[in-house]
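Source file: coords-v3.cif; contents: mmCIF, C-alpha atoms.
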data_protein
loop_
_atom_site.group_PDB
_atom_site.id
_atom_site.type_symbol
_atom_site.label_atom_id
_atom_site.label_comp_id
_atom_site.auth_asym_id
_atom_site.auth_seq_id
_atom_site.Cartn_x
_atom_site.Cartn_y
_atom_site.Cartn_z
ATOM 1 C CA MET A 83 6.301 -14.017 11.085
ATOM 2 C CA ARG A 84 7.950 -11.269 9.080
ATOM 3 C CA ILE A 85 8.315 -11.256 5.296
ATOM 4 C CA SER A 86 10.952 -9.119 3.576
ATOM 5 C CA CYS A 87 9.147 -7.659 0.587
ATOM 6 C CA PRO A 88 11.725 -6.758 -2.088
ATOM 7 C CA ILE A 89 9.912 -3.439 -2.624
ATOM 8 C CA CYS A 90 8.562 -2.365 0.788
ATOM 9 C CA GLY A 91 11.083 -3.926 3.155
ATOM 10 C CA GLU A 92 10.386 -6.198 6.130
ATOM 11 C CA ARG A 93 6.677 -6.324 6.889
ATOM 12 C CA ASP A 94 4.272 -8.160 9.150
ATOM 13 C CA ARG A 95 2.734 -11.378 7.834
ATOM 14 C CA ARG A 96 -0.780 -9.941 8.152
ATOM 15 C CA GLU A 97 -0.139 -7.657 5.161
ATOM 16 C CA PHE A 98 0.226 -10.732 2.945
ATOM 17 C CA HIS A 99 -2.188 -13.249 1.479
ATOM 18 C CA TYR A 100 -1.043 -16.843 0.997
ATOM 19 C CA ARG A 101 -1.578 -18.393 -2.424
ATOM 20 C CA GLY A 102 0.177 -21.788 -2.356
ATOM 21 C CA ALA A 103 3.223 -23.598 -3.643
ATOM 22 C CA ALA A 104 5.290 -21.721 -6.229
ATOM 23 C CA LEU A 105 5.164 -24.119 -9.179
ATOM 24 C CA THR A 106 6.315 -23.921 -12.751
ATOM 25 C CA ARG A 107 3.347 -24.275 -15.086
ATOM 26 C CA PRO A 108 3.826 -27.181 -17.527
ATOM 27 C CA ALA A 109 3.736 -26.581 -21.281
ATOM 28 C CA PRO A 110 0.235 -26.942 -22.795
ATOM 29 C CA ASP A 111 1.265 -30.207 -24.485
ATOM 30 C CA ALA A 112 3.199 -31.579 -21.482
ATOM 31 C CA GLY A 113 0.755 -34.435 -21.112
ATOM 32 C CA GLU A 114 -1.772 -35.669 -18.567
ATOM 33 C CA ALA A 115 0.688 -36.754 -15.905
ATOM 34 C CA ALA A 116 2.449 -33.374 -15.776
ATOM 35 C CA TRP A 117 -0.830 -31.469 -15.625
ATOM 36 C CA ASP A 118 -2.285 -33.821 -13.037
ATOM 37 C CA ALA A 119 0.769 -33.214 -10.852
ATOM 38 C CA TYR A 120 0.590 -29.439 -11.402
ATOM 39 C CA LEU A 121 -3.079 -29.241 -10.467
ATOM 40 C CA HIS A 122 -3.444 -31.840 -7.728
ATOM 41 C CA LEU A 123 -0.224 -33.285 -6.319
ATOM 42 C CA ARG A 124 1.583 -31.342 -3.608
ATOM 43 C CA ASP A 125 4.631 -32.175 -1.573
ATOM 44 C CA ASN A 126 4.448 -31.710 2.172
ATOM 45 C CA PRO A 127 8.096 -31.158 3.006
ATOM 46 C CA ALA A 128 9.616 -30.928 6.462
ATOM 47 C CA GLY A 129 12.044 -28.148 5.602
ATOM 48 C CA ALA A 130 12.355 -25.544 2.866
ATOM 49 C CA THR A 131 9.346 -24.705 0.710
ATOM 50 C CA ARG A 132 8.804 -22.128 -2.025
ATOM 51 C CA GLU A 133 5.440 -20.386 -1.877
ATOM 52 C CA LEU A 134 3.553 -17.605 -3.577
ATOM 53 C CA TRP A 135 2.324 -14.795 -1.360
ATOM 54 C CA TYR A 136 0.526 -11.609 -2.372
ATOM 55 C CA HIS A 137 1.436 -8.341 -0.662
ATOM 56 C CA GLU A 138 -2.213 -7.500 -0.421
ATOM 57 C CA THR A 139 -2.332 -4.440 1.823
ATOM 58 C CA GLY A 140 1.166 -3.343 0.839
ATOM 59 C CA CYS A 141 2.566 -2.720 -2.622
ATOM 60 C CA GLY A 142 0.422 -5.306 -4.426
ATOM 61 C CA ALA A 143 3.360 -7.417 -5.620
ATOM 62 C CA TRP A 144 3.317 -11.199 -5.946
ATOM 63 C CA VAL A 145 6.372 -12.631 -4.223
ATOM 64 C CA VAL A 146 8.001 -16.040 -3.988
ATOM 65 C CA VAL A 147 8.821 -16.728 -0.353
ATOM 66 C CA THR A 148 11.217 -19.414 0.826
ATOM 67 C CA ARG A 149 9.918 -20.753 4.131
ATOM 68 C CA ASN A 150 11.230 -23.460 6.423
ATOM 69 C CA THR A 151 8.316 -25.455 7.813
ATOM 70 C CA LEU A 152 10.430 -26.761 10.708
ATOM 71 C CA THR A 153 11.851 -23.496 12.017
ATOM 72 C CA HIS A 154 9.337 -20.962 10.580
ATOM 73 C CA GLU A 155 12.283 -19.067 9.117
ATOM 74 C CA MET A 156 11.546 -17.080 5.972
ATOM 75 C CA PRO A 157 15.042 -16.628 4.595
ATOM 76 C CA GLY A 158 14.163 -15.654 1.026
ATOM 77 C CA CYS A 159 11.683 -13.428 -0.762
ATOM 78 C CA GLU A 160 11.813 -12.317 -4.391
ATOM 79 C CA LEU A 161 9.366 -10.812 -6.847
ATOM 80 C CA ALA A 162 7.416 -13.523 -8.650
ATOM 81 C CA ALA A 163 7.911 -11.577 -11.886
ATOM 82 C CA GLU A 164 11.661 -12.003 -11.523
ATOM 83 C CA ALA A 165 11.569 -15.563 -10.197
ATOM 84 C CA ALA A 166 9.673 -16.609 -13.313
ATOM 85 C CA ARG A 167 12.425 -15.400 -15.647
ATOM 86 C CA MET B 96 -32.280 18.002 -13.764
ATOM 87 C CA ALA B 97 -31.828 17.109 -10.113
ATOM 88 C CA GLU B 98 -29.661 19.380 -8.041
ATOM 89 C CA LEU B 99 -26.845 17.144 -6.808
ATOM 90 C CA ILE B 100 -24.894 18.144 -3.729
ATOM 91 C CA ALA B 101 -21.333 16.814 -3.475
ATOM 92 C CA ARG B 102 -20.557 15.205 -0.127
ATOM 93 C CA THR B 103 -17.019 14.568 1.039
ATOM 94 C CA PRO B 104 -16.223 10.996 2.161
ATOM 95 C CA CYS B 105 -16.104 11.952 5.851
ATOM 96 C CA ALA B 106 -18.988 14.453 5.801
ATOM 97 C CA GLY B 107 -20.724 14.418 9.168
ATOM 98 C CA LEU B 108 -17.922 12.403 10.789
ATOM 99 C CA LEU B 109 -15.097 14.910 11.124
ATOM 100 C CA PRO B 110 -13.434 16.956 12.567
ATOM 101 C CA LEU B 111 -12.617 15.225 15.838
ATOM 102 C CA ALA B 112 -10.326 16.257 18.663
ATOM 103 C CA VAL B 113 -9.417 13.860 21.468
ATOM 104 C CA GLY B 114 -6.709 14.458 24.051
ATOM 105 C CA GLY B 115 -4.447 16.729 22.013
ATOM 106 C CA VAL B 116 -4.781 14.775 18.778
ATOM 107 C CA ASP B 117 -6.831 16.246 15.925
ATOM 108 C CA LEU B 118 -8.421 14.299 13.107
ATOM 109 C CA THR B 119 -9.577 16.332 10.122
ATOM 110 C CA GLU B 120 -10.653 15.600 6.598
ATOM 111 C CA GLU B 121 -8.353 16.658 3.764
ATOM 112 C CA SER B 122 -9.296 17.648 0.260
ATOM 113 C CA LEU B 123 -6.284 17.098 -1.981
ATOM 114 C CA GLY B 124 -7.823 18.088 -5.307
ATOM 115 C CA ALA B 125 -7.474 15.721 -8.246
ATOM 116 C CA LEU B 126 -6.113 12.247 -7.485
ATOM 117 C CA THR B 127 -4.590 10.299 -10.367
ATOM 118 C CA THR B 128 -2.605 7.085 -10.267
ATOM 119 C CA LEU B 129 0.386 6.991 -12.598
ATOM 120 C CA SER B 130 1.627 3.560 -13.691
ATOM 121 C CA PRO B 131 4.658 3.887 -15.965
ATOM 122 C CA ARG B 132 4.580 1.820 -19.120
ATOM 123 C CA ARG B 133 7.280 -0.822 -19.361
ATOM 124 C CA GLY B 134 10.706 0.800 -19.764
ATOM 125 C CA GLN B 135 9.292 4.343 -19.463
ATOM 126 C CA GLU B 136 10.034 4.887 -15.761
ATOM 127 C CA ALA B 137 12.840 7.423 -16.301
ATOM 128 C CA ALA B 138 11.018 9.234 -19.100
ATOM 129 C CA LEU B 139 7.884 9.499 -16.964
ATOM 130 C CA SER B 140 9.867 10.911 -14.065
ATOM 131 C CA GLU B 141 11.323 13.591 -16.366
ATOM 132 C CA ALA B 142 7.915 14.432 -17.823
ATOM 133 C CA LEU B 143 6.428 14.651 -14.326
ATOM 134 C CA GLU B 144 9.246 16.968 -13.288
ATOM 135 C CA ALA B 145 8.684 19.171 -16.338
ATOM 136 C CA ALA B 146 4.903 19.290 -16.006
ATOM 137 C CA HIS B 147 4.369 19.352 -12.250
ATOM 138 C CA GLY B 148 7.800 20.011 -10.713
ATOM 139 C CA MET B 149 8.392 16.673 -8.998
ATOM 140 C CA ALA B 150 10.157 13.422 -9.825
ATOM 141 C CA PHE B 151 8.460 10.017 -9.752
ATOM 142 C CA PRO B 152 8.821 8.872 -6.127
ATOM 143 C CA ALA B 153 10.923 5.888 -5.096
ATOM 144 C CA PRO B 154 9.164 3.137 -3.110
ATOM 145 C CA ASN B 155 8.031 4.348 0.344
ATOM 146 C CA ARG B 156 8.742 7.993 -0.554
ATOM 147 C CA THR B 157 6.900 11.108 -1.694
ATOM 148 C CA THR B 158 7.996 13.990 -3.888
ATOM 149 C CA GLY B 159 6.591 17.490 -4.363
ATOM 150 C CA LYS B 160 4.935 19.552 -1.656
ATOM 151 C CA ALA B 161 1.547 20.492 -0.252
ATOM 152 C CA GLY B 162 -0.877 21.164 -3.093
ATOM 153 C CA ALA B 163 1.028 19.076 -5.642
ATOM 154 C CA ARG B 164 2.460 15.860 -4.341
ATOM 155 C CA ALA B 165 3.409 12.505 -5.813
ATOM 156 C CA ILE B 166 2.897 9.687 -3.319
ATOM 157 C CA TRP B 167 4.343 6.236 -3.973
ATOM 158 C CA PHE B 168 1.251 4.037 -4.083
ATOM 159 C CA GLY B 169 2.355 0.479 -4.795
ATOM 160 C CA ARG B 170 4.447 -1.580 -7.144
ATOM 161 C CA GLY B 171 5.041 0.546 -10.247
ATOM 162 C CA GLN B 172 2.482 3.108 -9.169
ATOM 163 C CA ALA B 173 2.366 6.628 -7.751
ATOM 164 C CA LEU B 174 -0.546 8.876 -6.863
ATOM 165 C CA LEU B 175 -0.467 12.420 -8.198
ATOM 166 C CA ALA B 176 -2.407 14.503 -5.677
ATOM 167 C CA GLY B 177 -3.407 18.060 -6.470
ATOM 168 C CA PRO B 178 -3.107 19.080 -10.106
ATOM 169 C CA GLU B 179 -4.997 17.655 -13.036
ATOM 170 C CA PRO B 180 -2.398 15.467 -14.800
ATOM 171 C CA ASP B 181 -0.673 16.909 -17.837
ATOM 172 C CA ALA B 182 -2.021 15.213 -20.987
ATOM 173 C CA ASP B 183 1.522 14.361 -22.088
ATOM 174 C CA LEU B 184 1.898 11.917 -19.168
ATOM 175 C CA ALA B 185 -0.595 9.524 -20.772
ATOM 176 C CA ARG B 186 2.007 8.763 -23.438
ATOM 177 C CA LEU B 187 4.342 7.300 -20.811
ATOM 178 C CA ALA B 188 2.002 5.953 -18.157
ATOM 179 C CA ALA B 189 -1.445 4.547 -17.592
ATOM 180 C CA LEU B 190 -3.463 7.234 -15.804
ATOM 181 C CA SER B 191 -6.495 6.505 -13.688
ATOM 182 C CA ASP B 192 -8.698 9.154 -12.107
ATOM 183 C CA GLN B 193 -9.175 8.302 -8.419
ATOM 184 C CA SER B 194 -10.427 11.700 -7.240
ATOM 185 C CA ASP B 195 -13.648 10.555 -5.582
ATOM 186 C CA ALA B 196 -12.421 7.072 -4.639
ATOM 187 C CA TRP B 197 -10.424 7.805 -1.495
ATOM 188 C CA ALA B 198 -11.133 9.146 1.956
ATOM 189 C CA VAL B 199 -8.224 11.335 3.044
ATOM 190 C CA VAL B 200 -7.750 12.332 6.666
ATOM 191 C CA ARG B 201 -5.029 14.046 8.619
ATOM 192 C CA LEU B 202 -4.002 13.021 12.116
ATOM 193 C CA ARG B 203 -2.102 15.721 13.981
ATOM 194 C CA GLY B 204 -0.833 16.348 17.468
ATOM 195 C CA ALA B 205 1.426 14.912 20.137
ATOM 196 C CA GLY B 206 0.442 11.279 20.466
ATOM 197 C CA ALA B 207 -0.527 10.817 16.803
ATOM 198 C CA VAL B 208 2.171 8.204 16.429
ATOM 199 C CA ASP B 209 0.846 6.358 19.508
ATOM 200 C CA VAL B 210 -2.629 6.305 17.974
ATOM 201 C CA LEU B 211 -1.308 4.781 14.759
ATOM 202 C CA ALA B 212 0.802 2.272 16.692
ATOM 203 C CA ARG B 213 -2.475 0.691 17.839
ATOM 204 C CA LEU B 214 -3.714 0.197 14.299
ATOM 205 C CA VAL B 215 -0.773 -0.188 11.908
ATOM 206 C CA PRO B 216 1.858 -2.986 11.965
ATOM 207 C CA LEU B 217 4.690 -0.596 11.104
ATOM 208 C CA ASP B 218 7.255 1.393 13.050
ATOM 209 C CA LEU B 219 6.012 4.919 12.321
ATOM 210 C CA ARG B 220 8.201 6.639 14.917
ATOM 211 C CA ALA B 221 10.233 9.586 13.642
ATOM 212 C CA ALA B 222 13.528 7.667 13.713
ATOM 213 C CA ALA B 223 12.256 5.080 11.231
ATOM 214 C CA PHE B 224 9.544 6.971 9.335
ATOM 215 C CA ARG B 225 10.580 10.510 8.548
ATOM 216 C CA ARG B 226 8.872 13.471 6.915
ATOM 217 C CA GLY B 227 8.154 12.632 3.289
ATOM 218 C CA HIS B 228 8.138 8.897 3.943
ATOM 219 C CA THR B 229 5.041 6.966 2.934
ATOM 220 C CA ALA B 230 3.873 3.368 3.182
ATOM 221 C CA ARG B 231 1.143 1.160 1.856
ATOM 222 C CA SER B 232 0.096 -0.960 4.790
ATOM 223 C CA GLU B 233 -2.818 -2.138 6.817
ATOM 224 C CA LEU B 234 -4.810 0.038 9.181
ATOM 225 C CA ALA B 235 -7.258 -2.111 11.174
ATOM 226 C CA GLN B 236 -7.665 -4.577 8.276
ATOM 227 C CA MET B 237 -8.067 -1.774 5.717
ATOM 228 C CA MET B 238 -5.594 -1.185 2.909
ATOM 229 C CA ALA B 239 -4.195 2.228 3.666
ATOM 230 C CA SER B 240 -1.684 4.754 2.413
ATOM 231 C CA ILE B 241 0.080 6.481 5.296
ATOM 232 C CA THR B 242 2.373 9.488 4.797
ATOM 233 C CA ARG B 243 4.262 11.560 7.340
ATOM 234 C CA LEU B 244 3.855 15.251 6.519
ATOM 235 C CA GLY B 245 5.701 16.600 9.550
ATOM 236 C CA ALA B 246 6.401 16.031 13.220
ATOM 237 C CA ASP B 247 3.209 14.540 14.720
ATOM 238 C CA ASP B 248 1.460 15.025 11.371
ATOM 239 C CA PHE B 249 0.201 12.118 9.254
ATOM 240 C CA GLN B 250 -1.959 11.812 6.159
ATOM 241 C CA ILE B 251 -4.016 8.630 5.958
ATOM 242 C CA MET B 252 -5.940 7.390 2.927
ATOM 243 C CA VAL B 253 -8.342 4.454 2.616
ATOM 244 C CA PHE B 254 -11.020 3.543 0.078
ATOM 245 C CA ARG B 255 -13.945 5.939 0.295
ATOM 246 C CA SER B 256 -16.365 3.152 1.185
ATOM 247 C CA MET B 257 -14.379 2.589 4.398
ATOM 248 C CA ALA B 258 -14.448 6.218 5.588
ATOM 249 C CA ALA B 259 -16.784 5.593 8.519
ATOM 250 C CA THR B 260 -14.792 2.536 9.649
ATOM 251 C CA LEU B 261 -11.556 4.523 9.413
ATOM 252 C CA VAL B 262 -12.926 7.353 11.530
ATOM 253 C CA GLY B 263 -14.393 4.867 14.024
ATOM 254 C CA GLU B 264 -11.135 2.962 14.424
ATOM 255 C CA LEU B 265 -9.082 6.142 14.761
ATOM 256 C CA LYS B 266 -11.525 7.615 17.272
ATOM 257 C CA THR B 267 -11.370 4.497 19.442
ATOM 258 C CA ALA B 268 -7.569 4.515 19.328
ATOM 259 C CA MET B 269 -7.418 8.267 20.064
ATOM 260 C CA GLU B 270 -9.641 7.784 23.115
ATOM 261 C CA ALA B 271 -7.558 4.831 24.320
ATOM 262 C CA VAL B 272 -4.315 6.802 24.007
ATOM 263 C CA ALA B 273 -5.880 9.822 25.738
ATOM 264 C CA ALA B 274 -7.163 7.628 28.582
ATOM 265 C CA ARG B 275 -3.607 6.597 29.411
ATOM 266 C CA GLY B 276 -2.853 10.273 30.175
#
Kindly present the structure from the file in structure tokens form.
Amino acid sequence: MRISCPICGERDRREFHYRGAALTRPAPDAGEAAWDAYLHLRDNPAGATRELWYHETGCGAWVVVTRNTLTHEMPGCELAAEAAR
Amino acid sequence: MAELIARTPCAGLLPLAVGGVDLTEESLGALTTLSPRRGQEAALSEALEAAHGMAFPAPNRTTGKAGARAIWFGRGQALLAGPEPDADLARLAALSDQSDAWAVVRLRGAGAVDVLARLVPLDLRAAAFRRGHTARSELAQMMASITRLGADDFQIMVFRSMAATLVGELKTAMEAVAARG
């Protein structure tokens, strides 16, 4: 698999470290259900997912990767700092 | 007071020459990472130009020349190699002294690119990776900074603690390339 780092360009998967699903953190007072879902409940989609990867041996950026679990395509990759805005 | 003797990271390991490829240790002088403060990227580049005669490098690029070089070193970071950083730069960037933290080697000779092809998941051939280009990547599981200084001439940096592993991996790859004739 190849990941297109927005800074370095297309790089081999081995340069990256996988973190997990790219989630939006609930507000501190969002309530138990929202925090329970954020901490413990994950979807297991057959299709597009959004995940956080760390460009560990490359530029050191956190990126949000769009990956298709059916085809292994990785069509999207953006800086996590920008995705969060 | 004890008499302390400075040892270079690759002391006792280098130089090496295998099949037309030379591996030598480099001493670049002071190494300082420059991380521009938010919104100060352009101002830092100007200050770097004024103080040391080189702009802040774009990703995957270097600026300057031998003896005083700025090497792109990661997201929002460049490594100033050579001069002690001008004090004025600290106003615009976070500076961190890295002088004794890195092992720096130079791989030279016909076949150098074939040696690296065995260890680095990047296309480092001249058509894709030209003189002055640099990359942060992996070299045999080690985080490395790789810079092309000329035809068949590469500078490789890894953390100092990995110096012996770096030399070992490069030596094995040099021997394997040489064995193919």
Checklist line | Selection result of the PyMOL selection byres ((chain A) within 12 of (chain B)) on this file, as a count of residues only | finding: 26
Check: When you draw a straight line from CA of Ile85 (chain A) to CA of Ala222 (chain B), how long is it in Å?
Finding: 21.4 Å
Next item on the list: Show me as an MDAnalysis selection string the residues that reach within 7 Å of (6.2, 7.1, 15.9), counting all atoms listed in the file and using the file's own coordinates.
Entry: chainID B and resid 208:209 218:221
Check: Which residues, written as a list in words, have at least one atom at most 10 Å from Asp195 (chain B), with only C-alpha atoms counted and residues fewer than 5 positions away on the same chain left out?
Finding: Arg102, Thr103, Pro104, Gly124, Ala125, Leu126, Phe254 and Arg255 of chain B
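Pairwise distance (CA of Glu133 (chain A), CA of Leu121 (chain A)) equals 15.0 Å.
CA of Glu121 (chain B) to CA of Ala150 (chain B) spans 23.2 Å [interatomic distance, one decimal].
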Skip Gly158 (chain A) itself and residues of its chain fewer than 5 positions away, then list as a tab-separated table (two decimals) with C-alpha atoms, in the coordinates of the input all residues within 8 Å of it, counting all atoms listed in the file.
chain	number	residue	atom	x	y	z
A	86	SER	CA	10.95	-9.12	3.58
A	146	VAL	CA	8.00	-16.04	-3.99
A	147	VAL	CA	8.82	-16.73	-0.35
A	148	THR	CA	11.22	-19.41	0.83
A	149	ARG	CA	9.92	-20.75	4.13
Checklist line | Exercise: Thr229 (chain B) partners within 8 Å, only C-alpha atoms, chain neighbours under 3 positions left out, as a count of residues only | finding: 10
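Using the PyMOL selection byres ((chain A and resi 166) around 10) on the file at hand returns these residues: A:Ala104, A:Leu105, A:Thr106, A:Val146, A:Leu161, A:Ala162, A:Ala163, A:Glu164, A:Ala165, A:Arg167.
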Put a box with edges along x, y and z around all the listed atoms of region 128-147 of chain B, pad it by 8 Å on each side, then give me its centre and sizes in Å, one decimal, as JSON.
{"center_x": 5.1, "center_y": 9.3, "center_z": -15.0, "size_x": 31.4, "size_y": 36.2, "size_z": 25.5}
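Omitting region 151-153 of chain A and its sequence neighbours fewer than 2 positions away, and counting all atoms listed in the file, the residues within 6 Å are Ala128, Gly129 and Glu155 of chain A.
Of the residues listed (B:Met252, B:Ala142, B:Leu99, B:Leu261), B:Met252 shows the shortest atom-to-atom separation from Trp197 (chain B); distances use all atoms listed in the file.
When the PyMOL selection byres ((chain B and resi 262) around 10) is evaluated against the file, it yields Cys105, Leu108, Leu109, Pro110, Leu111, Leu118, Thr119, Glu120, Ala198, Val200, Met257, Ala258, Ala259, Thr260, Leu261, Gly263, Glu264, Leu265, Lys266, Thr267 and Ala268 of chain B.
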Item checked: Selected residue of minimal separation from Gly206 (chain B) among B:Met149, B:Ile100, B:Ala106, B:Met269, counting all atoms listed in the file -> B:Met269
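When all atoms listed in the file are used to compute distances to Leu190 (chain B), the closest of the residues B:Gly177, B:Gly115, B:Gly245, B:Pro131 turns out to be B:Pro131.
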